[in-house]
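Q: Following this message is one structure expressed as structure tokens.
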Amino acid sequence: MTQSTVTPDGAAPPRIVAGVDTSVGASVTVVRAWRPAAAYSGYGGYDAAPDLAAIQTAEGADVATLVKAVRQEFPHVDTITRVVRGNPVPVLTNAALGSRLLVVGAHRRRGPLSVGIGYVDQGLLSHSPTPVAVVPIV
């Protein structure tokens, strides 16, 4: 990538590098699955419902920013982005239908009670219709 970004704390963000063989003619689909967090007030009830349209727009903008540099550097690779509200396991499982590979990241848990991968990676490894590559995010 030719562009460099920095996180608010001044550190470089994690990078994902994809090797692409253009003779294959494959496309890359980037899917962001999101669920609105429950707005529990702590007083026995829920706050006002979140503005789902605004969240969807913000998630889409984040994905567009993420893939912008990749699209510029590899304009010959067809890159499709989708932002879907829902549980990541069924969303990504459905998105993987007909694909050759599903790639997901795995955050490393370093706490004393860490017991391996999270529920999303475990669910995809169990239910994906295609091979899954779980890439550690360090």
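Identifiers in the structure tokens: chain A, B, ... in order shown; residue index from 1 per chain; ligand index from 1 in order shown.
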Assign secondary structure with DSSP using the backbone only, and return the residues of segment 48-132 of chain A in strand (DSSP E) as a list in words.
A: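 After running DSSP on the backbone, segment 48-132 of chain A has strand (DSSP E) at Thr79, Ile80, Thr81, Arg82, Val83, Val84, Arg85, Leu102, Val103, Val104, Gly105, Ala106, His107 and Val132 of chain A.
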Q: With a distance cut-off of 8 Å and only C-alpha atoms, select the neighbouring residues of Pro36 of chain A, excluding the residue or stretch itself and same-chain residues fewer than 4 positions from it, and output the selection as a ChimeraX atom specification.
A: /A:50,52,55
Q: For the residues in that selection, give me N, CA and C atoms as a PDB file, in the first residue's frame.
A:
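New file out.pdb:
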```
ATOM      1  N   PRO A  50     -31.286   2.771  18.884  1.00  0.00           N
ATOM      2  CA  PRO A  50     -30.213   3.436  18.134  1.00  0.00           C
ATOM      3  C   PRO A  50     -30.682   3.787  16.721  1.00  0.00           C
ATOM      4  N   LEU A  52     -30.367   3.174  13.408  1.00  0.00           N
ATOM      5  CA  LEU A  52     -29.773   2.103  12.612  1.00  0.00           C
ATOM      6  C   LEU A  52     -29.284   2.591  11.257  1.00  0.00           C
ATOM      7  N   ILE A  55     -25.928   4.224  11.802  1.00  0.00           N
ATOM      8  CA  ILE A  55     -24.900   3.217  12.073  1.00  0.00           C
ATOM      9  C   ILE A  55     -24.510   2.513  10.777  1.00  0.00           C
TER      10      ILE A  55
END
```
Q: Need the shell around Pro90 of chain A: protein/DNA/RNA residues with any atom at most 9 Å away, counting only C-alpha atoms. Skip same-chain ones fewer than 6 positions apart. Format as a PDB file with N, CA, C and O atoms, in the first residue's frame?
A:
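Result file follows (part.pdb):
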```pdb
ATOM      1  N   GLY A 123     -17.622 -20.548  14.990  1.00  0.00           N
ATOM      2  CA  GLY A 123     -18.842 -20.768  14.221  1.00  0.00           C
ATOM      3  C   GLY A 123     -18.568 -20.902  12.735  1.00  0.00           C
ATOM      4  O   GLY A 123     -19.164 -21.745  12.056  1.00  0.00           O
ATOM      5  N   LEU A 124     -17.649 -20.093  12.214  1.00  0.00           N
ATOM      6  CA  LEU A 124     -17.321 -20.179  10.797  1.00  0.00           C
ATOM      7  C   LEU A 124     -16.580 -21.467  10.480  1.00  0.00           C
ATOM      8  O   LEU A 124     -16.830 -22.093   9.444  1.00  0.00           O
ATOM      9  N   HIS A 127     -19.361 -24.102  10.405  1.00  0.00           N
ATOM     10  CA  HIS A 127     -20.518 -24.006   9.520  1.00  0.00           C
ATOM     11  C   HIS A 127     -20.248 -23.454   8.127  1.00  0.00           C
ATOM     12  O   HIS A 127     -21.157 -23.446   7.293  1.00  0.00           O
ATOM     13  N   SER A 128     -19.052 -22.989   7.861  1.00  0.00           N
ATOM     14  CA  SER A 128     -18.784 -22.395   6.554  1.00  0.00           C
ATOM     15  C   SER A 128     -18.877 -23.429   5.441  1.00  0.00           C
ATOM     16  O   SER A 128     -18.395 -24.552   5.578  1.00  0.00           O
TER      17      SER A 128
END
```
Q: What lies within 9 Å of Leu97 of chain A using only C-alpha atoms, ignoring chain neighbours under 5 positions off, as a VMD selection string?
A: chain A and resid 92 128 to 130
Q: How many Å separate atom CA of Val120 of chain A from atom CA of Lys68 of chain A?
A: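 Distance between the two atoms: 25.7 Å.
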